[in-house]
$ cat structure.csv   # CSV, C-alpha atoms and all ligand atoms
chain,number,residue,atom,x,y,z
A,1,MET,CA,-16.3,0.1,-25.6
A,2,GLN,CA,-16.8,-1.1,-22.1
A,3,ARG,CA,-16.8,1.7,-19.5
A,4,ILE,CA,-16.9,1.8,-15.7
A,5,SER,CA,-17.6,4.8,-13.5
A,6,PHE,CA,-16.8,5.0,-9.8
A,7,ARG,CA,-16.0,7.5,-7.0
A,8,ARG,CA,-12.5,8.8,-7.2
A,9,PRO,CA,-10.5,6.1,-5.4
A,10,ASP,CA,-7.9,6.4,-2.6
A,11,ASP,CA,-4.6,4.6,-2.1
A,12,TRP,CA,-4.2,3.5,1.5
A,13,HIS,CA,-0.5,2.6,1.2
A,14,VAL,CA,2.2,4.5,-0.8
A,15,HIS,CA,5.9,5.3,-0.6
A,16,PHE,CA,6.8,8.7,-2.0
A,17,ARG,CA,10.4,8.9,-0.8
A,18,ASP,CA,11.9,12.4,-0.8
A,19,GLY,CA,13.8,14.9,-3.0
A,20,ALA,CA,13.9,14.3,-6.7
A,21,VAL,CA,12.1,11.0,-6.6
A,22,LEU,CA,9.3,12.5,-4.6
A,23,ALA,CA,8.8,15.2,-7.1
A,24,GLU,CA,8.6,12.7,-9.9
A,25,VAL,CA,6.3,10.1,-8.3
A,26,VAL,CA,3.7,12.2,-6.4
A,27,PRO,CA,1.9,13.4,-9.6
A,28,HIS,CA,1.3,9.8,-10.7
A,29,THR,CA,-0.6,9.1,-7.4
A,30,ALA,CA,-2.2,12.5,-7.2
A,31,ARG,CA,-3.7,12.2,-10.7
A,32,ALA,CA,-5.4,8.9,-10.0
A,33,PHE,CA,-6.3,9.0,-6.3
A,34,GLY,CA,-8.0,11.5,-4.0
A,35,ARG,CA,-6.1,10.6,-0.9
A,36,ALA,CA,-3.1,8.4,-0.1
A,37,VAL,CA,-1.7,7.1,3.2
A,38,VAL,CA,2.1,7.9,2.9
A,39,MET,CA,4.5,5.5,4.6
A,40,PRO,CA,7.2,7.0,6.8
A,41,ASN,CA,10.2,4.8,6.0
A,42,LEU,CA,12.5,7.6,4.8
A,43,ALA,CA,16.2,7.6,5.9
A,44,PRO,CA,16.0,8.8,8.6
A,45,PRO,CA,12.4,7.8,9.2
A,46,VAL,CA,9.5,10.1,10.0
A,47,THR,CA,9.1,9.5,13.7
A,48,THR,CA,7.5,12.7,15.1
A,49,THR,CA,4.6,15.0,14.4
A,50,ALA,CA,7.1,17.8,13.5
A,51,ALA,CA,8.8,15.6,10.9
A,52,ALA,CA,5.5,14.5,9.4
A,53,THR,CA,4.3,18.1,9.2
A,54,ALA,CA,7.4,19.0,7.3
A,55,TYR,CA,7.2,15.9,5.0
A,56,ARG,CA,3.5,16.7,4.3
A,57,ALA,CA,4.5,20.2,3.1
A,58,ARG,CA,7.1,18.7,0.8
A,59,ILE,CA,4.6,16.3,-0.7
A,60,LEU,CA,2.0,19.0,-1.2
A,61,ALA,CA,4.6,21.1,-3.1
A,62,ALA,CA,4.9,18.2,-5.6
A,63,VAL,CA,1.2,18.0,-6.3
A,64,PRO,CA,0.5,19.5,-9.8
A,65,ALA,CA,-1.6,22.6,-9.8
A,66,GLY,CA,-5.4,22.0,-10.2
A,67,ILE,CA,-5.3,18.5,-8.7
A,68,ASP,CA,-7.3,17.8,-5.6
A,69,PHE,CA,-5.1,15.4,-3.6
A,70,SER,CA,-4.6,15.0,0.2
A,71,PRO,CA,-1.6,13.1,1.6
A,72,LEU,CA,-2.3,11.3,4.9
A,73,THR,CA,1.0,11.2,6.6
A,74,THR,CA,2.0,8.6,9.2
A,75,ALA,CA,4.7,8.1,11.9
A,76,TYR,CA,7.2,5.3,12.0
A,77,LEU,CA,7.2,3.5,15.4
A,78,THR,CA,10.5,2.9,17.2
A,79,ASP,CA,11.3,1.5,20.6
A,80,ASP,CA,11.6,5.1,21.7
A,81,SER,CA,8.4,6.5,20.2
A,82,ASP,CA,6.8,9.3,22.3
A,83,ALA,CA,3.1,8.4,22.8
A,84,ALA,CA,2.1,12.0,23.7
A,85,ASP,CA,3.6,13.4,20.6
A,86,LEU,CA,1.9,10.8,18.3
A,87,ILE,CA,-1.5,11.3,19.9
A,88,THR,CA,-1.2,15.1,19.5
A,89,GLY,CA,-0.2,14.6,15.9
A,90,HIS,CA,-3.2,12.4,15.3
A,91,ARG,CA,-5.6,14.9,17.0
A,92,GLU,CA,-4.2,17.7,14.9
A,93,GLY,CA,-4.8,15.7,11.7
A,94,VAL,CA,-1.1,15.4,10.8
A,95,LEU,CA,-0.7,11.7,11.8
A,96,PHE,CA,-3.3,9.5,10.1
A,97,GLY,CA,-1.8,6.5,11.9
A,98,ALA,CA,1.4,4.9,13.1
A,99,LYS,CA,3.3,2.2,11.2
A,100,LEU,CA,4.8,-0.8,12.9
A,101,TYR,CA,7.9,-2.1,11.0
A,102,PRO,CA,9.4,-5.1,12.8
A,103,ALA,CA,13.2,-4.2,12.9
A,104,HIS,CA,14.9,-5.4,9.7
A,105,ALA,CA,11.7,-6.5,7.9
A,106,THR,CA,12.1,-4.3,4.8
A,107,THR,CA,13.5,-1.0,3.3
A,108,ASN,CA,14.8,1.4,6.0
A,109,SER,CA,13.4,-0.7,8.8
A,110,GLN,CA,16.6,-0.9,10.8
A,111,PHE,CA,15.1,1.6,13.2
A,112,GLY,CA,12.0,-0.4,13.6
A,113,VAL,CA,10.4,-2.0,16.7
A,114,THR,CA,12.4,-4.8,18.3
A,115,SER,CA,9.4,-6.2,20.4
A,116,ILE,CA,5.8,-5.4,20.9
A,117,ALA,CA,6.5,-5.1,24.6
A,118,ALA,CA,8.8,-2.1,23.8
A,119,ILE,CA,5.8,-0.1,22.4
A,120,ALA,CA,3.1,-1.4,24.7
A,121,GLY,CA,2.5,2.1,26.2
A,122,VAL,CA,2.3,3.7,22.8
A,123,LEU,CA,-0.2,1.0,21.6
A,124,ALA,CA,-2.4,1.6,24.7
A,125,ALA,CA,-2.4,5.3,24.0
A,126,MET,CA,-3.3,4.8,20.4
A,127,GLU,CA,-6.1,2.4,21.4
A,128,ARG,CA,-7.6,5.1,23.7
A,129,ALA,CA,-7.3,7.7,21.0
A,130,GLY,CA,-8.7,5.7,18.2
A,131,MET,CA,-5.5,6.0,16.2
A,132,PRO,CA,-5.0,3.1,13.7
A,133,LEU,CA,-2.0,0.9,13.8
A,134,LEU,CA,-0.7,0.1,10.4
A,135,VAL,CA,1.3,-3.1,10.4
A,136,HIS,CA,4.1,-4.6,8.2
A,137,GLY,CA,3.2,-8.1,9.0
A,138,GLU,CA,6.3,-10.2,8.7
A,139,VAL,CA,8.6,-11.7,11.3
A,140,THR,CA,12.3,-11.3,10.8
A,141,GLY,CA,15.0,-13.7,11.8
A,142,ALA,CA,17.2,-15.8,9.5
A,143,GLU,CA,15.7,-19.0,10.6
A,144,VAL,CA,12.2,-18.2,9.2
A,145,ASP,CA,11.6,-19.0,5.5
A,146,VAL,CA,10.9,-15.8,3.6
A,147,PHE,CA,7.7,-17.2,2.2
A,148,ASP,CA,6.5,-18.0,5.7
A,149,ARG,CA,7.1,-14.7,7.3
A,150,GLU,CA,3.6,-13.3,7.1
A,151,ALA,CA,1.9,-16.5,8.4
A,152,ARG,CA,4.3,-16.7,11.2
A,153,PHE,CA,3.7,-13.0,12.1
A,154,VAL,CA,0.0,-13.6,12.2
A,155,GLU,CA,0.3,-16.5,14.6
A,156,THR,CA,3.1,-15.3,16.9
A,157,VAL,CA,2.8,-11.5,16.9
A,158,LEU,CA,-0.6,-10.3,15.5
A,159,VAL,CA,-3.0,-12.6,17.3
A,160,PRO,CA,-1.5,-11.9,20.7
A,161,LEU,CA,-1.4,-8.1,19.9
A,162,LEU,CA,-5.0,-8.1,18.9
A,163,ALA,CA,-5.9,-9.8,22.2
A,164,ASP,CA,-3.8,-7.5,24.3
A,165,PHE,CA,-5.2,-4.3,22.8
A,166,PRO,CA,-8.8,-5.3,22.1
A,167,GLY,CA,-9.9,-1.7,21.1
A,168,LEU,CA,-7.0,-1.0,18.8
A,169,LYS,CA,-7.8,-0.5,15.1
A,170,VAL,CA,-5.3,-2.5,13.1
A,171,VAL,CA,-4.6,-2.5,9.3
A,172,LEU,CA,-2.6,-5.5,8.0
A,173,GLU,CA,-0.7,-3.8,5.2
A,174,HIS,CA,-0.2,-5.5,1.9
A,175,VAL,CA,-1.8,-8.8,3.0
A,176,THR,CA,-0.4,-11.7,0.9
A,177,THR,CA,-1.6,-15.0,2.4
A,178,ALA,CA,-4.7,-17.0,3.2
A,179,GLU,CA,-3.7,-16.8,6.9
A,180,GLY,CA,-3.6,-13.0,6.7
A,181,VAL,CA,-7.0,-12.9,5.1
A,182,ALA,CA,-8.4,-15.2,7.8
A,183,VAL,CA,-7.2,-13.1,10.7
A,184,VAL,CA,-8.7,-10.0,9.2
A,185,GLN,CA,-12.0,-11.7,8.7
A,186,ALA,CA,-11.9,-13.1,12.2
A,187,HIS,CA,-11.5,-9.5,13.6
A,188,ALA,CA,-13.9,-7.7,11.2
A,189,GLY,CA,-14.8,-4.2,12.3
A,190,ARG,CA,-11.6,-3.4,14.1
A,191,MET,CA,-9.3,-4.9,11.5
A,192,ALA,CA,-8.8,-4.4,7.8
A,193,ALA,CA,-6.2,-5.1,5.2
A,194,THR,CA,-4.8,-3.3,2.1
A,195,VAL,CA,-4.1,-5.4,-1.0
A,196,THR,CA,-1.5,-4.6,-3.6
A,197,PRO,CA,-2.0,-5.1,-7.4
A,198,GLN,CA,1.0,-7.4,-7.6
A,199,HIS,CA,-0.2,-9.9,-5.1
A,200,LEU,CA,-3.6,-10.1,-6.9
A,201,LEU,CA,-2.0,-10.4,-10.3
A,202,TRP,CA,0.9,-12.8,-9.8
A,203,ASP,CA,2.2,-15.7,-7.8
A,204,ARG,CA,5.8,-16.5,-7.0
A,205,ASN,CA,6.5,-18.2,-10.3
A,206,ALA,CA,6.3,-14.8,-11.9
A,207,LEU,CA,9.6,-13.9,-10.1
A,208,PHE,CA,11.4,-16.5,-12.2
A,209,ARG,CA,9.6,-16.4,-15.5
A,210,GLY,CA,12.3,-16.8,-18.1
A,211,GLY,CA,15.0,-15.5,-15.7
A,212,ILE,CA,15.1,-13.5,-12.5
A,213,ARG,CA,12.7,-10.5,-12.5
A,214,PRO,CA,14.0,-7.7,-10.2
A,215,HIS,CA,11.1,-5.5,-10.9
A,216,LEU,CA,8.7,-8.0,-9.4
A,217,TRP,CA,10.7,-8.3,-6.2
A,218,CYS,CA,8.9,-6.8,-3.3
A,219,LEU,CA,8.2,-7.5,0.4
A,220,PRO,CA,6.2,-9.4,1.4
A,221,VAL,CA,7.5,-11.5,-1.5
A,222,LEU,CA,4.9,-12.9,-4.0
A,223,LYS,CA,3.4,-16.1,-2.7
A,224,ARG,CA,1.9,-19.4,-4.0
A,225,SER,CA,-1.1,-19.3,-6.3
A,226,THR,CA,-3.4,-20.6,-3.5
A,227,HIS,CA,-2.7,-17.4,-1.6
A,228,LYS,CA,-3.4,-15.3,-4.7
A,229,ARG,CA,-6.7,-17.0,-5.0
A,230,ALA,CA,-7.6,-16.3,-1.4
A,231,LEU,CA,-6.8,-12.6,-1.9
A,232,ARG,CA,-8.8,-12.5,-5.1
A,233,ALA,CA,-11.8,-14.1,-3.3
A,234,ALA,CA,-11.6,-11.5,-0.5
A,235,VAL,CA,-11.5,-8.4,-2.7
A,236,THR,CA,-13.9,-9.5,-5.3
A,237,GLY,CA,-16.3,-11.1,-2.8
A,238,GLY,CA,-17.4,-7.7,-1.5
A,239,ASP,CA,-15.8,-8.1,2.0
A,240,PRO,CA,-15.6,-4.5,3.4
A,241,SER,CA,-12.5,-5.3,5.4
A,242,PHE,CA,-10.3,-5.2,2.3
A,243,PHE,CA,-9.3,-2.1,0.3
A,244,LEU,CA,-6.9,-0.7,-2.2
A,245,GLY,CA,-3.3,0.0,-1.1
A,246,THR,CA,-0.8,-0.2,-3.9
A,247,ASP,CA,2.4,-0.2,-1.9
A,248,THR,CA,3.9,1.7,-4.8
A,249,ALA,CA,7.6,1.6,-3.8
A,250,PRO,CA,9.9,3.4,-6.3
A,251,HIS,CA,13.6,2.4,-6.4
A,252,LEU,CA,15.9,3.7,-9.0
A,253,ARG,CA,16.6,1.2,-11.8
A,254,HIS,CA,20.3,0.7,-10.8
A,255,THR,CA,19.3,-0.2,-7.3
A,256,LYS,CA,17.0,-3.0,-8.5
A,257,GLU,CA,19.0,-4.3,-11.4
A,258,THR,CA,22.0,-5.3,-9.4
A,259,ALA,CA,23.5,-8.2,-7.4
A,260,CYS,CA,21.5,-7.3,-4.2
A,261,GLY,CA,18.5,-5.4,-5.4
A,262,CYS,CA,16.0,-3.3,-3.4
A,263,ALA,CA,12.5,-4.6,-2.8
A,264,GLY,CA,9.6,-2.6,-4.1
A,265,ILE,CA,7.4,-2.3,-7.2
A,266,PHE,CA,6.7,1.2,-8.7
A,267,SER,CA,3.0,0.8,-9.5
A,268,ALA,CA,1.6,4.2,-9.2
A,269,PRO,CA,1.4,5.0,-12.9
A,270,THR,CA,-0.5,1.8,-13.7
A,271,ALA,CA,-2.0,0.6,-10.5
A,272,LEU,CA,-5.7,1.2,-11.3
A,273,GLU,CA,-5.1,-0.5,-14.7
A,274,ALA,CA,-3.8,-3.5,-12.8
A,275,TYR,CA,-6.7,-3.7,-10.3
A,276,LEU,CA,-9.3,-3.3,-13.0
A,277,THR,CA,-7.7,-6.1,-15.0
A,278,VAL,CA,-8.0,-8.4,-11.9
A,279,PHE,CA,-11.7,-7.4,-11.3
A,280,ALA,CA,-12.5,-7.9,-15.0
A,281,GLU,CA,-10.9,-11.3,-15.0
A,282,GLU,CA,-13.0,-12.3,-12.0
A,283,GLY,CA,-16.2,-10.9,-13.5
A,284,ALA,CA,-16.5,-8.6,-10.5
A,285,LEU,CA,-16.3,-5.0,-12.0
A,286,ASP,CA,-19.5,-4.3,-10.1
A,287,ARG,CA,-17.6,-4.8,-6.8
A,288,PHE,CA,-14.7,-2.6,-7.9
A,289,GLU,CA,-15.9,0.7,-6.5
A,290,ALA,CA,-16.3,-0.8,-3.0
A,291,PHE,CA,-12.7,-2.0,-3.0
A,292,ALA,CA,-11.2,1.1,-4.5
A,293,SER,CA,-13.3,4.0,-3.2
A,294,LEU,CA,-15.7,3.0,-0.4
A,295,ASN,CA,-14.3,0.3,2.0
A,296,GLY,CA,-11.3,2.3,3.0
A,297,PRO,CA,-13.1,5.5,4.0
A,298,ALA,CA,-15.8,3.5,5.7
A,299,PHE,CA,-13.3,1.7,7.9
A,300,HIS,CA,-11.5,4.8,8.8
A,301,GLY,CA,-14.6,6.9,9.4
A,302,LEU,CA,-14.1,9.3,6.5
A,303,PRO,CA,-16.4,10.3,3.7
A,304,PRO,CA,-15.8,8.9,0.2
A,305,ASN,CA,-14.5,11.3,-2.4
A,306,GLU,CA,-17.1,13.4,-4.1
A,307,MET,CA,-15.8,13.3,-7.7
A,308,ARG,CA,-16.5,10.4,-10.0
A,309,VAL,CA,-14.0,9.0,-12.6
A,310,THR,CA,-14.6,6.9,-15.7
A,311,TRP,CA,-12.3,4.3,-17.1
A,312,GLU,CA,-12.7,2.4,-20.4
A,313,ALA,CA,-11.4,-0.9,-21.9
A,314,ARG,CA,-9.0,1.0,-24.2
A,315,PRO,CA,-5.5,-0.6,-24.6
A,316,ARG,CA,-2.6,1.7,-23.9
A,317,LEU,CA,1.2,1.3,-24.1
A,318,VAL,CA,3.1,1.9,-20.9
A,319,ALA,CA,6.4,3.8,-20.9
A,320,GLU,CA,9.7,1.7,-20.6
A,321,ALA,CA,10.9,4.0,-17.9
A,322,ILE,CA,10.3,7.4,-16.1
A,323,ALA,CA,13.3,9.7,-15.7
A,324,VAL,CA,14.3,11.2,-12.4
A,325,PRO,CA,16.4,14.2,-13.3
A,326,GLY,CA,19.9,13.9,-11.9
A,327,GLU,CA,19.3,10.5,-10.3
A,328,GLY,CA,18.4,7.9,-12.9
A,329,GLU,CA,15.1,6.3,-13.9
A,330,LEU,CA,12.2,4.4,-12.5
A,331,VAL,CA,10.7,1.3,-14.1
A,332,PRO,CA,6.9,1.2,-13.7
A,333,MET,CA,4.8,-1.9,-13.3
A,334,PHE,CA,4.0,-3.1,-16.9
A,335,ALA,CA,6.9,-1.1,-18.4
A,336,GLY,CA,6.9,-1.5,-22.2
A,337,GLU,CA,3.7,-3.6,-22.1
A,338,THR,CA,0.1,-2.8,-23.1
A,339,VAL,CA,-2.5,-2.4,-20.4
A,340,ALA,CA,-6.2,-3.1,-21.1
A,341,TRP,CA,-7.7,0.0,-19.3
A,342,SER,CA,-7.3,3.7,-19.7
A,343,PRO,CA,-8.9,6.7,-17.9
A,344,VAL,CA,-11.5,8.8,-19.6
A,345,ALA,CA,-10.3,12.4,-19.1
A,346,THR,CA,-13.3,14.0,-17.4
A,347,GLU,CA,-14.3,13.9,-13.8
A,348,THR,CA,-17.9,14.7,-12.6
A,349,GLU,CA,-19.5,15.5,-9.3
A,350,ALA,CA,-20.9,12.5,-7.5
A,351,ALA,CA,-24.7,12.3,-8.0
B,401,LIG,O1,8.7,-4.1,-1.3
B,401,LIG,C1,8.6,-3.3,-0.4
B,401,LIG,N1,9.1,-2.0,-0.6
B,401,LIG,N2,8.1,-3.6,0.7
B,401,LIG,C2,8.1,-2.8,1.8
B,401,LIG,O2,7.6,-3.2,2.8
B,401,LIG,C3,8.8,-1.5,1.7
B,401,LIG,C4,8.9,-1.0,0.4
B,401,LIG,C5,9.9,0.1,0.2
B,401,LIG,O3,9.8,1.1,1.0
B,401,LIG,O4,10.7,0.0,-0.7
B,402,ZN,ZN,4.9,-0.4,1.9

$ encode --input "structure.csv" --output "C-alpha cells"
Amino acid sequence: MQRISFRRPDDWHVHFRDGAVLAEVVPHTARAFGRAVVMPNLAPPVTTTAAATAYRARILAAVPAGIDFSPLTTAYLTDDSDAADLITGHREGVLFGAKLYPAHATTNSQFGVTSIAAIAGVLAAMERAGMPLLVHGEVTGAEVDVFDREARFVETVLVPLLADFPGLKVVLEHVTTAEGVAVVQAHAGRMAATVTPQHLLWDRNALFRGGIRPHLWCLPVLKRSTHKRALRAAVTGGDPSFFLGTDTAPHLRHTKETACGCAGIFSAPTALEAYLTVFAEEGALDRFEAFASLNGPAFHGLPPNEMRVTWEARPRLVAEAIAVPGEGELVPMFAGETVAWSPVATETEAA
C-alpha cells in the first residue's frame, strides 16, 4: 500500500467558534495539526489582547489530553483597533497576527474595517513590529459580482495597500483566483497565501451538481476551473509562498440547509485526506510536505514541527454527521463518502 511520511503539518487558517461547537471541533484539528491560526470572527469578535488570551484558554481546554497542539490566536481589526494593544499582544505571543475583514464580506464581519484609511495607523505599527496582516481578500458592495470580488480586491485594495506599507507582511487568506496567485508571486518574500482544500478540489459547477449543495457554499465562493488550475499549479509547483490553510468553518446543519444558509465548509475531520487526494492526482506527493508542513513556518519565521506522521492510501468511510450535544450536528467535508487516504497511527521523532 502506498505510504507517505512528512513532518506534522500546521493549519494556517481555522474557525473554532466557541462553546459547544468549539469543544467538538478543536479535537479534529488538534489530532491532525501541530499548530493552527485561529480566526477571530466570533460574535462579538476577538478584538483585543485580553479577549484573545481568554479565547486561547478556552481552546486549550478543548484539546484532548496527550495531544501536542498550539493554537495561534489572532485579533479582528475594526476601525477602532488600538495599535498599542495589538503590538503588545504580538510581542507577548498572544496575537499571532491581525485579521482584516472588509465590513460585510463574510460571517460576523459586520464589525469589520470600512476603509484601509481607517486602520492606516495600525498597519504602520504592525509593519514596524513585524506583525503579519491576514487578509480576507474580497470587496463588498452589491454592484460587484460575487465571483469577481477577490480579483477586484486585489486590484483596488491589496495592490495599493502593499505599496503604502512596503515592509508589512501580508497573507492573502484562502486565495481562490489566478489574480490572487499572481499578486502573491509578484510580492514573494513579504507575501504569502493559504489555500483551502475545497478550492483545489472543486470549481463552481460543484455547487450545482444535481441540485444546490449548501455544504459546498463558502466564501470566497468556488470559482471557474481556470482558477482551480492556477491554484493547483501554485501549490504543487513547489512555490514556497503557498501553504495549507483549511478555512474549516463549522456551521450547524440547520443553519446551512435553509433558505438563506451560512457560508463555510467544515473540513477539519477530512482536510488532509482532501489535500493528499489533490497532490496524488497531480503526481506531486513529493511536494506535499513543503505545502503542508514547511512553507508556512518558513514564511512566519518559526521552526517546523518535530514529529513526523505517516499516511497511507487506505480507503475510509467518512461519518454522515458529527453531533454537537444540545445544539445539533455538523456535516463534514466528504460526509457519507469514501476518502482515499487514512492516517497510520504512530508518530515518530523527526530524523
Ligand atoms: O466560508 C466562509 N466561512 N468564509 C469566511 O470567510 C468565514 C467563514 C466562517 O467564519 O464561517
Ligand atoms: Zn476563514

$ residues_near_ligand --input "structure.csv" --ligand "ligand LIG 401 (chain B)" --cutoff "6 Å" --atoms "only C-alpha atoms and all ligand atoms" --output "list in words"
His15, Thr106, Thr107, Cys218, Leu219, Ala249, Ala263 and Gly264 of chain A

$ write_last_selection --input "structure.csv" --atoms "C-alpha atoms" --output "mmCIF file, in the coordinates of the input"
data_model
loop_
_atom_site.group_PDB
_atom_site.id
_atom_site.type_symbol
_atom_site.label_atom_id
_atom_site.label_comp_id
_atom_site.auth_asym_id
_atom_site.auth_seq_id
_atom_site.Cartn_x
_atom_site.Cartn_y
_atom_site.Cartn_z
ATOM 1 C CA HIS A 15 5.900 5.300 -0.600
ATOM 2 C CA THR A 106 12.100 -4.300 4.800
ATOM 3 C CA THR A 107 13.500 -1.000 3.300
ATOM 4 C CA CYS A 218 8.900 -6.800 -3.300
ATOM 5 C CA LEU A 219 8.200 -7.500 0.400
ATOM 6 C CA ALA A 249 7.600 1.600 -3.800
ATOM 7 C CA ALA A 263 12.500 -4.600 -2.800
ATOM 8 C CA GLY A 264 9.600 -2.600 -4.100
#

$ atom_distance --input "structure.csv" --atom1 "CA of Arg58 in chain A" --atom2 "CA of Leu22 in chain A"
8.5 Å

$ residues_around --input "structure.csv" --residues "Phe96 in chain A" --least-positions-apart "5" --cutoff "8 Å" --atoms "all atoms listed in the file" --output "NGL selection string"
:A and (37 or 72-74 or 90 or 131-132)

$ residues_near_ligand --input "structure.csv" --ligand "ligand ZN 402 (chain B)" --cutoff "10 Å" --atoms "all atoms listed in the file" --output "mmCIF file with C-alpha atoms, keeping the file's coordinate frame"
data_model
loop_
_atom_site.group_PDB
_atom_site.id
_atom_site.type_symbol
_atom_site.label_atom_id
_atom_site.label_comp_id
_atom_site.auth_asym_id
_atom_site.auth_seq_id
_atom_site.Cartn_x
_atom_site.Cartn_y
_atom_site.Cartn_z
ATOM 1 C CA TRP A 12 -4.200 3.500 1.500
ATOM 2 C CA HIS A 13 -0.500 2.600 1.200
ATOM 3 C CA VAL A 14 2.200 4.500 -0.800
ATOM 4 C CA HIS A 15 5.900 5.300 -0.600
ATOM 5 C CA VAL A 38 2.100 7.900 2.900
ATOM 6 C CA MET A 39 4.500 5.500 4.600
ATOM 7 C CA PRO A 40 7.200 7.000 6.800
ATOM 8 C CA ASN A 41 10.200 4.800 6.000
ATOM 9 C CA LYS A 99 3.300 2.200 11.200
ATOM 10 C CA TYR A 101 7.900 -2.100 11.000
ATOM 11 C CA THR A 106 12.100 -4.300 4.800
ATOM 12 C CA THR A 107 13.500 -1.000 3.300
ATOM 13 C CA VAL A 135 1.300 -3.100 10.400
ATOM 14 C CA HIS A 136 4.100 -4.600 8.200
ATOM 15 C CA GLU A 173 -0.700 -3.800 5.200
ATOM 16 C CA HIS A 174 -0.200 -5.500 1.900
ATOM 17 C CA THR A 196 -1.500 -4.600 -3.600
ATOM 18 C CA CYS A 218 8.900 -6.800 -3.300
ATOM 19 C CA LEU A 219 8.200 -7.500 0.400
ATOM 20 C CA PRO A 220 6.200 -9.400 1.400
ATOM 21 C CA GLY A 245 -3.300 0.000 -1.100
ATOM 22 C CA THR A 246 -0.800 -0.200 -3.900
ATOM 23 C CA ASP A 247 2.400 -0.200 -1.900
ATOM 24 C CA THR A 248 3.900 1.700 -4.800
ATOM 25 C CA ALA A 249 7.600 1.600 -3.800
ATOM 26 C CA ALA A 263 12.500 -4.600 -2.800
ATOM 27 C CA GLY A 264 9.600 -2.600 -4.100
ATOM 28 C CA ILE A 265 7.400 -2.300 -7.200
#

$ residues_around --input "structure.csv" --residues "Val25 in chain A" --least-positions-apart "4" --cutoff "10 Å" --atoms "only C-alpha atoms" --output "PyMOL selection string"
chain A and resi 15-18+20-21+29-30+59+62-63+248-250+266-269+322+324+330

$ decode --input "structure.csv" --residues "range 204-217 of chain A" --atoms "N, CA, C and O atoms" --output "mmCIF file, in the first residue's frame"
data_model
loop_
_atom_site.group_PDB
_atom_site.id
_atom_site.type_symbol
_atom_site.label_atom_id
_atom_site.label_comp_id
_atom_site.auth_asym_id
_atom_site.auth_seq_id
_atom_site.Cartn_x
_atom_site.Cartn_y
_atom_site.Cartn_z
ATOM 1 N N ARG A 204 -16.805 25.937 -9.588
ATOM 2 C CA ARG A 204 -18.134 26.402 -9.185
ATOM 3 C C ARG A 204 -19.274 25.505 -9.651
ATOM 4 O O ARG A 204 -20.372 25.565 -9.097
ATOM 5 N N ASN A 205 -18.995 24.667 -10.639
ATOM 6 C CA ASN A 205 -20.040 23.722 -11.059
ATOM 7 C C ASN A 205 -20.451 22.787 -9.920
ATOM 8 O O ASN A 205 -21.596 22.333 -9.874
ATOM 9 N N ALA A 206 -19.505 22.504 -9.030
ATOM 10 C CA ALA A 206 -19.803 21.571 -7.937
ATOM 11 C C ALA A 206 -20.931 22.080 -7.042
ATOM 12 O O ALA A 206 -21.640 21.292 -6.416
ATOM 13 N N LEU A 207 -21.102 23.404 -7.003
ATOM 14 C CA LEU A 207 -22.162 23.986 -6.164
ATOM 15 C C LEU A 207 -23.554 23.583 -6.636
ATOM 16 O O LEU A 207 -24.513 23.660 -5.864
ATOM 17 N N PHE A 208 -23.646 23.194 -7.907
ATOM 18 C CA PHE A 208 -24.974 22.965 -8.514
ATOM 19 C C PHE A 208 -25.110 21.554 -9.068
ATOM 20 O O PHE A 208 -26.003 21.292 -9.858
ATOM 21 N N ARG A 209 -24.221 20.641 -8.670
ATOM 22 C CA ARG A 209 -24.221 19.292 -9.223
ATOM 23 C C ARG A 209 -25.460 18.516 -8.761
ATOM 24 O O ARG A 209 -25.566 18.131 -7.606
ATOM 25 N N GLY A 210 -26.432 18.358 -9.660
ATOM 26 C CA GLY A 210 -27.647 17.616 -9.339
ATOM 27 C C GLY A 210 -28.613 18.377 -8.453
ATOM 28 O O GLY A 210 -29.633 17.827 -8.034
ATOM 29 N N GLY A 211 -28.324 19.645 -8.153
ATOM 30 C CA GLY A 211 -29.152 20.425 -7.229
ATOM 31 C C GLY A 211 -28.242 21.286 -6.382
ATOM 32 O O GLY A 211 -27.015 21.132 -6.438
ATOM 33 N N ILE A 212 -28.811 22.199 -5.619
ATOM 34 C CA ILE A 212 -27.954 23.129 -4.877
ATOM 35 C C ILE A 212 -27.306 22.434 -3.677
ATOM 36 O O ILE A 212 -27.940 21.661 -2.987
ATOM 37 N N ARG A 213 -26.030 22.704 -3.453
ATOM 38 C CA ARG A 213 -25.218 21.983 -2.457
ATOM 39 C C ARG A 213 -24.794 22.918 -1.335
ATOM 40 O O ARG A 213 -23.718 23.524 -1.390
ATOM 41 N N PRO A 214 -25.617 23.062 -0.314
ATOM 42 C CA PRO A 214 -25.294 24.045 0.725
ATOM 43 C C PRO A 214 -23.989 23.763 1.461
ATOM 44 O O PRO A 214 -23.354 24.696 1.953
ATOM 45 N N HIS A 215 -23.569 22.500 1.480
ATOM 46 C CA HIS A 215 -22.325 22.199 2.216
ATOM 47 C C HIS A 215 -21.073 22.508 1.404
ATOM 48 O O HIS A 215 -19.958 22.358 1.906
ATOM 49 N N LEU A 216 -21.242 22.960 0.168
ATOM 50 C CA LEU A 216 -20.097 23.440 -0.617
ATOM 51 C C LEU A 216 -20.109 24.964 -0.744
ATOM 52 O O LEU A 216 -19.288 25.543 -1.460
ATOM 53 N N TRP A 217 -21.019 25.598 -0.057
ATOM 54 C CA TRP A 217 -21.113 27.068 -0.101
ATOM 55 C C TRP A 217 -20.159 27.648 0.929
ATOM 56 O O TRP A 217 -20.256 27.381 2.130
#
